[in-house]
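Participant: File work18.cif below, mmCIF, C-alpha atoms and all ligand atoms:
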```cif
data_protein
loop_
_atom_site.group_PDB
_atom_site.id
_atom_site.type_symbol
_atom_site.label_atom_id
_atom_site.label_comp_id
_atom_site.auth_asym_id
_atom_site.auth_seq_id
_atom_site.Cartn_x
_atom_site.Cartn_y
_atom_site.Cartn_z
ATOM 1 C CA MET A 1 0.000 0.000 0.000
ATOM 2 C CA LYS A 2 1.267 3.491 -0.869
ATOM 3 C CA ARG A 3 2.315 5.520 2.172
ATOM 4 C CA ARG A 4 0.864 9.006 2.486
ATOM 5 C CA VAL A 5 3.469 11.806 2.608
ATOM 6 C CA PHE A 6 2.682 14.375 5.301
ATOM 7 C CA THR A 7 3.924 17.928 5.696
ATOM 8 C CA ASP A 8 6.668 18.553 8.193
ATOM 9 C CA SER A 9 4.237 20.094 10.663
ATOM 10 C CA ILE A 10 1.898 17.091 10.623
ATOM 11 C CA GLN A 11 4.849 14.744 11.112
ATOM 12 C CA LYS A 12 6.047 16.864 14.042
ATOM 13 C CA LEU A 13 2.547 16.648 15.519
ATOM 14 C CA GLY A 14 2.887 12.854 15.406
ATOM 15 C CA ASP A 15 6.195 13.115 17.304
ATOM 16 C CA PHE A 16 4.715 15.546 19.816
ATOM 17 C CA ALA A 17 1.786 13.175 20.375
ATOM 18 C CA ASN A 18 4.220 10.307 20.955
ATOM 19 C CA GLY A 19 5.806 12.343 23.733
ATOM 20 C CA LEU A 20 2.368 12.604 25.349
ATOM 21 C CA GLY A 21 1.941 8.830 25.220
ATOM 22 C CA LEU A 22 -0.299 8.856 22.133
ATOM 23 C CA CYS A 23 0.445 6.816 19.058
ATOM 24 C CA LEU A 24 -1.261 8.419 16.059
ATOM 25 C CA SER A 25 -1.852 6.184 13.040
ATOM 26 C CA GLU A 26 -1.494 7.336 9.441
ATOM 27 C CA SER A 27 -5.238 7.726 9.168
ATOM 28 C CA GLN A 28 -5.310 9.906 12.298
ATOM 29 C CA LEU A 29 -2.526 12.093 10.874
ATOM 30 C CA GLU A 30 -4.535 12.259 7.661
ATOM 31 C CA GLN A 31 -7.533 13.495 9.679
ATOM 32 C CA PHE A 32 -5.390 16.244 11.243
ATOM 33 C CA ALA A 33 -4.128 17.285 7.783
ATOM 34 C CA ARG A 34 -7.692 17.428 6.456
ATOM 35 C CA TYR A 35 -8.888 19.381 9.496
ATOM 36 C CA ALA A 36 -6.098 21.968 9.036
ATOM 37 C CA ALA A 37 -7.061 22.298 5.342
ATOM 38 C CA LEU A 38 -10.723 22.839 6.279
ATOM 39 C CA ILE A 39 -9.789 25.568 8.775
ATOM 40 C CA GLN A 40 -7.798 27.310 6.028
ATOM 41 C CA GLU A 41 -10.592 26.905 3.485
ATOM 42 C CA TRP A 42 -13.367 28.203 5.769
ATOM 43 C CA ASN A 43 -11.209 30.997 7.100
ATOM 44 C CA GLN A 44 -11.325 32.587 3.653
ATOM 45 C CA LYS A 45 -15.101 33.021 4.044
ATOM 46 C CA PHE A 46 -15.532 33.372 7.832
ATOM 47 C CA ASN A 47 -13.310 34.611 10.576
ATOM 48 C CA LEU A 48 -12.889 31.264 12.353
ATOM 49 C CA THR A 49 -9.466 31.716 13.888
ATOM 50 C CA ALA A 50 -6.738 34.343 13.666
ATOM 51 C CA ILE A 51 -4.163 31.640 12.915
ATOM 52 C CA THR A 52 -4.209 30.643 9.246
ATOM 53 C CA ASP A 53 -0.813 29.166 8.393
ATOM 54 C CA GLU A 54 -0.813 25.329 8.424
ATOM 55 C CA ALA A 55 2.305 25.039 10.581
ATOM 56 C CA GLU A 56 0.828 27.474 13.118
ATOM 57 C CA ILE A 57 -2.582 25.779 13.121
ATOM 58 C CA VAL A 58 -0.881 22.494 13.878
ATOM 59 C CA ALA A 59 1.584 23.789 16.487
ATOM 60 C CA LEU A 60 -0.600 26.343 18.284
ATOM 61 C CA HIS A 61 -4.041 24.740 18.008
ATOM 62 C CA PHE A 62 -3.681 20.982 17.526
ATOM 63 C CA ALA A 63 -0.601 20.361 19.696
ATOM 64 C CA ASP A 64 -2.007 22.619 22.410
ATOM 65 C CA ALA A 65 -5.317 20.707 22.333
ATOM 66 C CA LEU A 66 -3.493 17.383 22.643
ATOM 67 C CA THR A 67 -1.866 18.433 25.927
ATOM 68 C CA VAL A 68 -5.255 17.599 27.498
ATOM 69 C CA ALA A 69 -5.122 13.978 26.272
ATOM 70 C CA PRO A 70 -3.027 12.581 29.166
ATOM 71 C CA VAL A 71 -5.578 14.017 31.610
ATOM 72 C CA LEU A 72 -8.424 12.322 29.709
ATOM 73 C CA LEU A 73 -6.505 9.049 29.739
ATOM 74 C CA ARG A 74 -6.168 9.342 33.527
ATOM 75 C CA GLU A 75 -9.866 10.161 33.915
ATOM 76 C CA ARG A 76 -10.899 7.235 31.717
ATOM 77 C CA ALA A 77 -11.067 4.880 34.697
ATOM 78 C CA ARG A 78 -13.703 7.103 36.371
ATOM 79 C CA CYS A 79 -15.973 7.120 33.279
ATOM 80 C CA GLU A 80 -18.430 4.572 31.981
ATOM 81 C CA THR A 81 -18.325 3.448 28.345
ATOM 82 C CA PRO A 82 -18.182 5.400 26.160
ATOM 83 C CA PRO A 83 -16.254 7.997 28.157
ATOM 84 C CA THR A 84 -17.616 11.486 27.517
ATOM 85 C CA PHE A 85 -16.365 15.039 27.622
ATOM 86 C CA MET A 86 -17.916 18.393 26.778
ATOM 87 C CA ASP A 87 -15.941 21.234 25.157
ATOM 88 C CA VAL A 88 -17.521 24.572 26.116
ATOM 89 C CA GLY A 89 -16.917 27.514 23.748
ATOM 90 C CA THR A 90 -15.343 25.186 21.210
ATOM 91 C CA GLY A 91 -15.135 27.775 18.391
ATOM 92 C CA ALA A 92 -13.562 25.977 15.445
ATOM 93 C CA GLY A 93 -13.558 22.715 17.445
ATOM 94 C CA LEU A 94 -10.725 23.371 19.906
ATOM 95 C CA PRO A 95 -9.718 21.429 21.852
ATOM 96 C CA GLY A 96 -12.601 18.971 21.224
ATOM 97 C CA ILE A 97 -11.916 17.842 17.652
ATOM 98 C CA PRO A 98 -8.139 17.172 17.985
ATOM 99 C CA LEU A 99 -8.871 15.224 21.174
ATOM 100 C CA LYS A 100 -11.561 13.202 19.394
ATOM 101 C CA ILE A 101 -9.172 12.412 16.530
ATOM 102 C CA ALA A 102 -6.487 11.266 18.979
ATOM 103 C CA LEU A 103 -8.866 9.421 21.341
ATOM 104 C CA PRO A 104 -11.675 8.139 19.097
ATOM 105 C CA GLU A 105 -13.263 6.117 21.884
ATOM 106 C CA TRP A 106 -14.545 9.292 23.563
ATOM 107 C CA ARG A 107 -18.003 10.712 22.997
ATOM 108 C CA VAL A 108 -17.725 14.481 22.544
ATOM 109 C CA TRP A 109 -20.137 17.365 22.992
ATOM 110 C CA LEU A 110 -19.072 20.591 21.280
ATOM 111 C CA VAL A 111 -20.882 23.662 22.632
ATOM 112 C CA ASP A 112 -20.744 27.203 21.310
ATOM 113 C CA SER A 113 -23.011 30.240 21.348
ATOM 114 C CA THR A 114 -22.065 31.122 17.731
ATOM 115 C CA ALA A 115 -24.039 29.081 15.181
ATOM 116 C CA LYS A 116 -21.579 29.684 12.340
ATOM 117 C CA LYS A 117 -18.718 28.099 14.288
ATOM 118 C CA LEU A 118 -20.812 25.039 15.033
ATOM 119 C CA ARG A 119 -21.683 24.708 11.356
ATOM 120 C CA PHE A 120 -17.963 24.524 10.703
ATOM 121 C CA CYS A 121 -17.539 21.885 13.429
ATOM 122 C CA GLU A 122 -20.362 19.840 11.862
ATOM 123 C CA ALA A 123 -18.675 20.061 8.464
ATOM 124 C CA VAL A 124 -15.411 18.781 9.996
ATOM 125 C CA VAL A 125 -17.186 15.954 11.803
ATOM 126 C CA GLN A 126 -18.755 14.890 8.525
ATOM 127 C CA ALA A 127 -15.594 15.271 6.413
ATOM 128 C CA LEU A 128 -13.503 13.261 8.886
ATOM 129 C CA ALA A 129 -16.294 10.707 9.509
ATOM 130 C CA LEU A 130 -16.038 11.231 13.277
ATOM 131 C CA ARG A 131 -18.647 9.279 15.210
ATOM 132 C CA GLU A 132 -20.397 10.288 18.433
ATOM 133 C CA VAL A 133 -19.592 13.987 18.216
ATOM 134 C CA TYR A 134 -22.558 16.242 18.991
ATOM 135 C CA ALA A 135 -22.569 19.958 18.180
ATOM 136 C CA LEU A 136 -24.827 22.018 20.416
ATOM 137 C CA HIS A 137 -25.674 25.651 19.747
ATOM 138 C CA ALA A 138 -26.179 27.142 23.216
ATOM 139 C CA ARG A 139 -24.778 29.411 25.868
ATOM 140 C CA ALA A 140 -23.140 27.279 28.553
ATOM 141 C CA GLU A 141 -24.949 29.093 31.365
ATOM 142 C CA GLU A 142 -28.330 28.355 29.749
ATOM 143 C CA LEU A 143 -27.451 24.746 28.992
ATOM 144 C CA ALA A 144 -26.677 24.090 32.645
ATOM 145 C CA LEU A 145 -30.264 25.021 33.588
ATOM 146 C CA ARG A 146 -31.603 22.140 31.484
ATOM 147 C CA PRO A 147 -31.907 18.928 33.541
ATOM 148 C CA GLU A 148 -30.624 16.727 30.700
ATOM 149 C CA HIS A 149 -27.316 18.632 30.752
ATOM 150 C CA ARG A 150 -26.964 19.851 34.341
ATOM 151 C CA GLU A 151 -24.248 17.969 36.260
ATOM 152 C CA GLN A 152 -24.120 15.273 33.568
ATOM 153 C CA TYR A 153 -20.567 15.335 32.200
ATOM 154 C CA PRO A 154 -17.607 13.480 33.710
ATOM 155 C CA VAL A 155 -15.183 15.905 32.060
ATOM 156 C CA VAL A 156 -15.793 19.482 30.880
ATOM 157 C CA VAL A 157 -13.006 21.365 29.135
ATOM 158 C CA ALA A 158 -12.582 24.913 27.787
ATOM 159 C CA ARG A 159 -9.863 26.906 26.061
ATOM 160 C CA ALA A 160 -9.752 30.686 25.604
ATOM 161 C CA VAL A 161 -13.382 31.271 26.588
ATOM 162 C CA ALA A 162 -13.400 33.517 29.683
ATOM 163 C CA PRO A 163 -11.354 34.501 32.744
ATOM 164 C CA LEU A 164 -11.427 31.692 35.316
ATOM 165 C CA PRO A 165 -13.902 33.271 37.814
ATOM 166 C CA THR A 166 -16.452 33.485 34.952
ATOM 167 C CA LEU A 167 -15.447 30.225 33.331
ATOM 168 C CA VAL A 168 -16.042 28.104 36.422
ATOM 169 C CA GLU A 169 -19.640 29.346 36.532
ATOM 170 C CA TYR A 170 -20.019 27.973 32.978
ATOM 171 C CA LEU A 171 -18.214 24.669 33.572
ATOM 172 C CA LEU A 172 -18.901 23.459 37.124
ATOM 173 C CA PRO A 173 -22.729 23.369 36.805
ATOM 174 C CA LEU A 174 -22.341 21.058 33.781
ATOM 175 C CA THR A 175 -19.830 18.774 35.519
ATOM 176 C CA ARG A 176 -21.146 15.752 37.342
ATOM 177 C CA LEU A 177 -20.247 14.998 40.968
ATOM 178 C CA GLY A 178 -16.756 13.549 41.101
ATOM 179 C CA GLY A 179 -16.058 14.852 37.586
ATOM 180 C CA LEU A 180 -13.296 17.148 36.365
ATOM 181 C CA CYS A 181 -13.218 20.633 34.811
ATOM 182 C CA ILE A 182 -10.165 21.385 32.703
ATOM 183 C CA ALA A 183 -9.433 25.059 32.009
ATOM 184 C CA MET A 184 -6.646 25.577 29.467
ATOM 185 C CA LYS A 185 -4.835 28.718 30.502
ATOM 186 C CA GLY A 186 -1.760 30.800 29.716
ATOM 187 C CA ARG A 187 0.964 32.212 31.918
ATOM 188 C CA GLN A 188 -1.514 34.017 34.194
ATOM 189 C CA ALA A 189 -2.992 30.672 35.292
ATOM 190 C CA GLU A 190 -1.858 30.914 38.900
ATOM 191 C CA GLN A 191 -3.215 34.437 39.306
ATOM 192 C CA GLU A 192 -6.520 33.367 37.736
ATOM 193 C CA VAL A 193 -6.753 30.451 40.165
ATOM 194 C CA ASN A 194 -6.333 32.873 43.081
ATOM 195 C CA GLU A 195 -8.970 35.196 41.670
ATOM 196 C CA ALA A 196 -11.381 32.294 41.124
ATOM 197 C CA ALA A 197 -10.878 30.636 44.539
ATOM 198 C CA TYR A 198 -14.143 31.953 45.970
ATOM 199 C CA ALA A 199 -16.213 31.072 42.867
ATOM 200 C CA ILE A 200 -14.755 27.543 42.745
ATOM 201 C CA GLU A 201 -15.647 26.971 46.405
ATOM 202 C CA VAL A 202 -19.203 28.344 46.043
ATOM 203 C CA LEU A 203 -19.870 26.260 42.918
ATOM 204 C CA GLY A 204 -18.752 22.987 44.564
ATOM 205 C CA GLY A 205 -15.238 22.529 43.209
ATOM 206 C CA VAL A 206 -11.705 22.247 44.476
ATOM 207 C CA VAL A 207 -8.486 22.902 42.560
ATOM 208 C CA GLU A 208 -6.806 19.541 42.192
ATOM 209 C CA ALA A 209 -3.742 20.630 40.221
ATOM 210 C CA LEU A 210 -2.184 23.367 38.179
ATOM 211 C CA GLN A 211 -0.364 21.391 35.544
ATOM 212 C CA PRO A 212 2.212 23.130 33.340
ATOM 213 C CA THR A 213 2.176 22.176 29.648
ATOM 214 C CA ALA A 214 4.567 22.953 26.816
ATOM 215 C CA LEU A 215 4.119 23.432 23.092
ATOM 216 C CA PRO A 216 6.625 22.196 20.499
ATOM 217 C CA GLN A 217 9.461 24.703 20.070
ATOM 218 C CA ARG A 218 7.656 27.500 21.943
ATOM 219 C CA GLU A 219 8.830 29.345 24.993
ATOM 220 C CA GLU A 220 5.458 30.544 26.251
ATOM 221 C CA SER A 221 4.243 28.856 29.407
ATOM 222 C CA ARG A 222 0.808 27.298 29.510
ATOM 223 C CA ALA A 223 -1.094 25.366 32.146
ATOM 224 C CA LEU A 224 -4.110 23.177 32.700
ATOM 225 C CA VAL A 225 -6.187 24.102 35.722
ATOM 226 C CA LEU A 226 -7.798 20.894 36.963
ATOM 227 C CA ILE A 227 -10.849 21.402 39.178
ATOM 228 C CA ARG A 228 -12.603 18.456 40.808
ATOM 229 C CA LYS A 229 -16.348 18.742 41.474
ATOM 230 C CA LEU A 230 -16.862 17.632 45.060
ATOM 231 C CA ARG A 231 -20.279 19.074 45.951
ATOM 232 C CA PRO A 232 -23.450 19.791 43.942
ATOM 233 C CA THR A 233 -23.619 23.302 42.500
ATOM 234 C CA PRO A 234 -26.308 25.319 44.374
ATOM 235 C CA ARG A 235 -29.498 25.756 42.308
ATOM 236 C CA GLN A 236 -29.076 29.513 41.911
ATOM 237 C CA TYR A 237 -26.005 28.999 39.688
ATOM 238 C CA PRO A 238 -25.265 29.677 36.926
ATOM 239 C CA ARG A 239 -26.855 33.109 37.182
ATOM 240 C CA ALA A 240 -28.898 34.482 34.258
ATOM 241 C CA GLY A 241 -28.550 37.663 32.189
ATOM 242 C CA GLY A 242 -24.819 37.665 31.613
ATOM 243 C CA ALA A 243 -24.043 37.843 35.370
ATOM 244 C CA PRO A 244 -21.191 35.277 35.254
ATOM 245 C CA ARG A 245 -19.415 37.516 32.742
ATOM 246 C CA ASN A 246 -20.436 40.946 34.057
ATOM 247 C CA ARG A 247 -20.321 40.224 37.789
ATOM 248 C CA PRO A 248 -17.992 37.225 38.412
ATOM 249 C CA LEU A 249 -18.483 35.623 41.823
ATOM 250 C CA LYS A 250 -16.275 37.148 44.512
ATOM 251 C CA PRO A 251 -16.468 37.548 48.285
ATOM 252 C CA ARG A 252 -18.594 40.508 49.474
HETATM 253 N N1 LIG B 1 -12.062 27.212 22.289
HETATM 254 C C1 LIG B 1 -11.758 27.752 20.978
HETATM 255 C C2 LIG B 1 -10.269 27.927 20.801
HETATM 256 O O1 LIG B 1 -9.519 27.677 21.741
HETATM 257 O O2 LIG B 1 -9.833 28.316 19.704
HETATM 258 C C3 LIG B 1 -12.506 29.061 20.729
HETATM 259 C C4 LIG B 1 -12.050 30.226 21.546
HETATM 260 S S1 LIG B 1 -12.941 31.698 21.156
HETATM 261 C C5 LIG B 1 -11.837 32.918 21.669
HETATM 262 C C6 LIG B 1 -14.229 31.717 22.397
HETATM 263 C C7 LIG B 1 -15.448 30.940 21.958
HETATM 264 O O3 LIG B 1 -16.312 30.786 23.090
HETATM 265 C C8 LIG B 1 -16.262 31.653 20.889
HETATM 266 O O4 LIG B 1 -16.496 30.757 19.814
HETATM 267 C C9 LIG B 1 -17.553 32.048 21.587
HETATM 268 O O5 LIG B 1 -18.668 31.998 20.717
HETATM 269 C C10 LIG B 1 -17.642 31.004 22.688
HETATM 270 N N2 LIG B 1 -18.364 31.415 23.895
HETATM 271 C C11 LIG B 1 -18.124 32.525 24.666
HETATM 272 N N3 LIG B 1 -18.968 32.555 25.717
HETATM 273 C C12 LIG B 1 -19.740 31.439 25.629
HETATM 274 C C13 LIG B 1 -20.807 30.901 26.431
HETATM 275 N N4 LIG B 1 -21.228 31.543 27.521
HETATM 276 N N5 LIG B 1 -21.379 29.738 26.054
HETATM 277 C C14 LIG B 1 -20.971 29.103 24.923
HETATM 278 N N6 LIG B 1 -19.973 29.559 24.126
HETATM 279 C C15 LIG B 1 -19.360 30.711 24.472
#
```
Represent the structure from my file as structure tokens, please.

Facilitator:
Amino acid sequence: MKRRVFTDSIQKLGDFANGLGLCLSESQLEQFARYAALIQEWNQKFNLTAITDEAEIVALHFADALTVAPVLLRERARCETPPTFMDVGTGAGLPGIPLKIALPEWRVWLVDSTAKKLRFCEAVVQALALREVYALHARAEELALRPEHREQYPVVVARAVAPLPTLVEYLLPLTRLGGLCIAMKGRQAEQEVNEAAYAIEVLGGVVEALQPTALPQREESRALVLIRKLRPTPRQYPRAGGAPRNRPLKPR
């Protein structure tokens, strides 16, 4: 059988994934290449992401998304089959779609308040023939008021959606008891954790770890904030009318 030739950046993604304990097959690398091409194609019509160069898409979006995979692998034992995670504010499918490509066993919910971005995600899901990926057009804080979604997800992840005090009011109400919220953050992660301490406590969580991550050939420091849900979120949260964003929870 003829071997597919990949660009340098896709090959480097395979190496980076190896370092995370993931072994990506040729067909998985092919899915990443196709996904990068779709981002570039759609970006000409819509403003999906500011990053448009293939090498940058792969290094800054896909590799960054994959840094969550070892956490999912650890959480696997706590999940039933199929294991499930929700990606809140997924935008162009990040980190949800790269994680689904790398860990196809997982069932994935992609949530975003912008319909156009979800249409793109649906097109990717179809083009890559990804199974058990559900795109949901909703605001996270409204979704969490619906009983079929409230406290249902063993893992809820988000990248570049909101400052942590706001973000935890989106994520913790959707996370089931014993489950894990994963906030992908930059170099201010520690400061954000301090600022969100009160909100995390009120919403039933506890910070389990602040885990540094690294991107291939990049200096910038990044971190995963891992928050365990220990107690049910009180009924009054999340608050309506944009309150999580406009008036993040803080001590009086
Ligand atoms: N997570 C993607 C990434 O890392 O590239 C997208 C990041 S983009 C800066 C933020 C996304 O979050 C946007 O697509 C926006 O529509 C979505 N978003 C913001 N607030 C939201 C909310 N309350 N509920 C659902 N989606 C939200």

Participant: Step by step, measure atom-to-atom distances between ligand LIG 1 (chain B) and each residue using only C-alpha atoms and all ligand atoms, keep those at most 9 Å, then write them as a ChimeraX atom specification.

Facilitator: /A:48-49,61,65,87-96,111-115,117-118,137-143,158-162,167,170,184,242,244-245

Participant: Tell me which residues come within 7 Å of (-18.0, 9.6, 21.9), as a PyMOL selection string, counting all atoms listed in the file in the file's coordinates.

Facilitator: chain A and resi 82-84+105-108+131-133

Participant: Kindly compute an axis-aligned box around the listed atoms of range 18-24 of chain A, allowing 3 Å on each side, and express its centre and edge lengths in Å to one decimal as JSON.

Facilitator:
```
{"center_x": 2.3, "center_y": 9.7, "center_z": 20.7, "size_x": 13.1, "size_y": 11.8, "size_z": 15.3}
```

Participant: The PyMOL selection byres (((chain A and resi 29) around 10) and not hetatm) - which residues does that actually catch in the file I just gave you? List them as a VMD selection string.

Facilitator: chain A and resid 4 6 10 to 11 13 to 14 24 to 28 30 to 35 101 to 102

Participant: Output C-alpha atoms for every residue in the selection just made, as an mmCIF file, keeping the file's coordinate frame.

Facilitator:
```
data_model
loop_
_atom_site.group_PDB
_atom_site.id
_atom_site.type_symbol
_atom_site.label_atom_id
_atom_site.label_comp_id
_atom_site.auth_asym_id
_atom_site.auth_seq_id
_atom_site.Cartn_x
_atom_site.Cartn_y
_atom_site.Cartn_z
ATOM 1 C CA ARG A 4 0.864 9.006 2.486
ATOM 2 C CA PHE A 6 2.682 14.375 5.301
ATOM 3 C CA ILE A 10 1.898 17.091 10.623
ATOM 4 C CA GLN A 11 4.849 14.744 11.112
ATOM 5 C CA LEU A 13 2.547 16.648 15.519
ATOM 6 C CA GLY A 14 2.887 12.854 15.406
ATOM 7 C CA LEU A 24 -1.261 8.419 16.059
ATOM 8 C CA SER A 25 -1.852 6.184 13.040
ATOM 9 C CA GLU A 26 -1.494 7.336 9.441
ATOM 10 C CA SER A 27 -5.238 7.726 9.168
ATOM 11 C CA GLN A 28 -5.310 9.906 12.298
ATOM 12 C CA GLU A 30 -4.535 12.259 7.661
ATOM 13 C CA GLN A 31 -7.533 13.495 9.679
ATOM 14 C CA PHE A 32 -5.390 16.244 11.243
ATOM 15 C CA ALA A 33 -4.128 17.285 7.783
ATOM 16 C CA ARG A 34 -7.692 17.428 6.456
ATOM 17 C CA TYR A 35 -8.888 19.381 9.496
ATOM 18 C CA ILE A 101 -9.172 12.412 16.530
ATOM 19 C CA ALA A 102 -6.487 11.266 18.979
#
```

Participant: Taking (-5.4, 24.8, 32.7) in the file's coordinates, which residues come within 9 Å, counting only C-alpha atoms, written as a PyMOL selection string?

Facilitator: chain A and resi 68+158-159+182-186+189+209-213+222-226

Participant: Using all atoms listed in the file, pick whichever of A:Leu20, A:Lys116, A:Trp109, A:Gln44 has the shortest atom-to-atom distance to Pro70 in chain A.

Facilitator: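 Result for the nearest residue to Pro70 in chain A: A:Leu20.
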
Participant: Given the PyMOL selection byres (((chain A and resi 155) around 6) and not hetatm) and the file above, list the residues it selects as number ranges by chain.

Facilitator: A: 85, 153-154, 156, 179-181

Participant: Would you work out the distance separating CA of Leu249 in chain A from CA of Ala199 in chain A, expressed in Å to one decimal?

Facilitator: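 Result for CA of Leu249 in chain A versus CA of Ala199 in chain A: 5.2 Å, one decimal.
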
Participant: Spell out the residues picked by the PyMOL selection byres (((chain A and resi 238) around 6) and not hetatm) here, as a list in words.

Facilitator: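 What the PyMOL selection byres (((chain A and resi 238) around 6) and not hetatm) grabs from the file is Glu141, Glu169, Tyr237 and Arg239 of chain A.
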
Participant: Using only C-alpha atoms, pick whichever of A:Gln126, A:Gln188, A:Gln236, A:Gln152 has the shortest atom-to-atom distance to Glu220 in chain A.

Facilitator: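 Selected residue with least distance to Glu220 in chain A: A:Gln188.
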
Participant: Considering all atoms listed in the file, return as a ChimeraX atom specification whatever protein or nucleic-acid residues lie within 12 Å of Pro216 in chain A, sequence-local ones (same chain, fewer than 4 positions apart) excluded.

Facilitator: /A:9,12-17,19-20,55-56,58-64,66-67,220-222

Participant: Just the selected residues (C-alpha atoms), exported as a compact mmCIF listing (two decimals), in the coordinates of the input, please.

Facilitator:
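Heads up, here's the output in again_28.txt:
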```
# COMPACT_ATOMS: atom_id res chain seq x y z
CA SER A 9 4.24 20.09 10.66
CA LYS A 12 6.05 16.86 14.04
CA LEU A 13 2.55 16.65 15.52
CA GLY A 14 2.89 12.85 15.41
CA ASP A 15 6.20 13.12 17.30
CA PHE A 16 4.72 15.55 19.82
CA ALA A 17 1.79 13.18 20.38
CA GLY A 19 5.81 12.34 23.73
CA LEU A 20 2.37 12.60 25.35
CA ALA A 55 2.31 25.04 10.58
CA GLU A 56 0.83 27.47 13.12
CA VAL A 58 -0.88 22.49 13.88
CA ALA A 59 1.58 23.79 16.49
CA LEU A 60 -0.60 26.34 18.28
CA HIS A 61 -4.04 24.74 18.01
CA PHE A 62 -3.68 20.98 17.53
CA ALA A 63 -0.60 20.36 19.70
CA ASP A 64 -2.01 22.62 22.41
CA LEU A 66 -3.49 17.38 22.64
CA THR A 67 -1.87 18.43 25.93
CA GLU A 220 5.46 30.54 26.25
CA SER A 221 4.24 28.86 29.41
CA ARG A 222 0.81 27.30 29.51
```

Participant: Tell me, in Å to one decimal, how far CA of Val207 in chain A is from CA of Arg228 in chain A.

Facilitator: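 Separation between CA of Val207 in chain A and CA of Arg228 in chain A: 6.3 Å.
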
Participant: State, in Å with one decimal place, the distance from CA of Ala36 in chain A to CA of Thr81 in chain A.

Facilitator: 29.4 Å

Participant: Using only C-alpha atoms, which of the listed residues (A:Phe46, A:Leu164, A:Ala69, A:Arg252) sits closest to Asn18 in chain A?

Facilitator: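 Comparing A:Phe46, A:Leu164, A:Ala69, A:Arg252 against Asn18 in chain A, the winner is A:Ala69.
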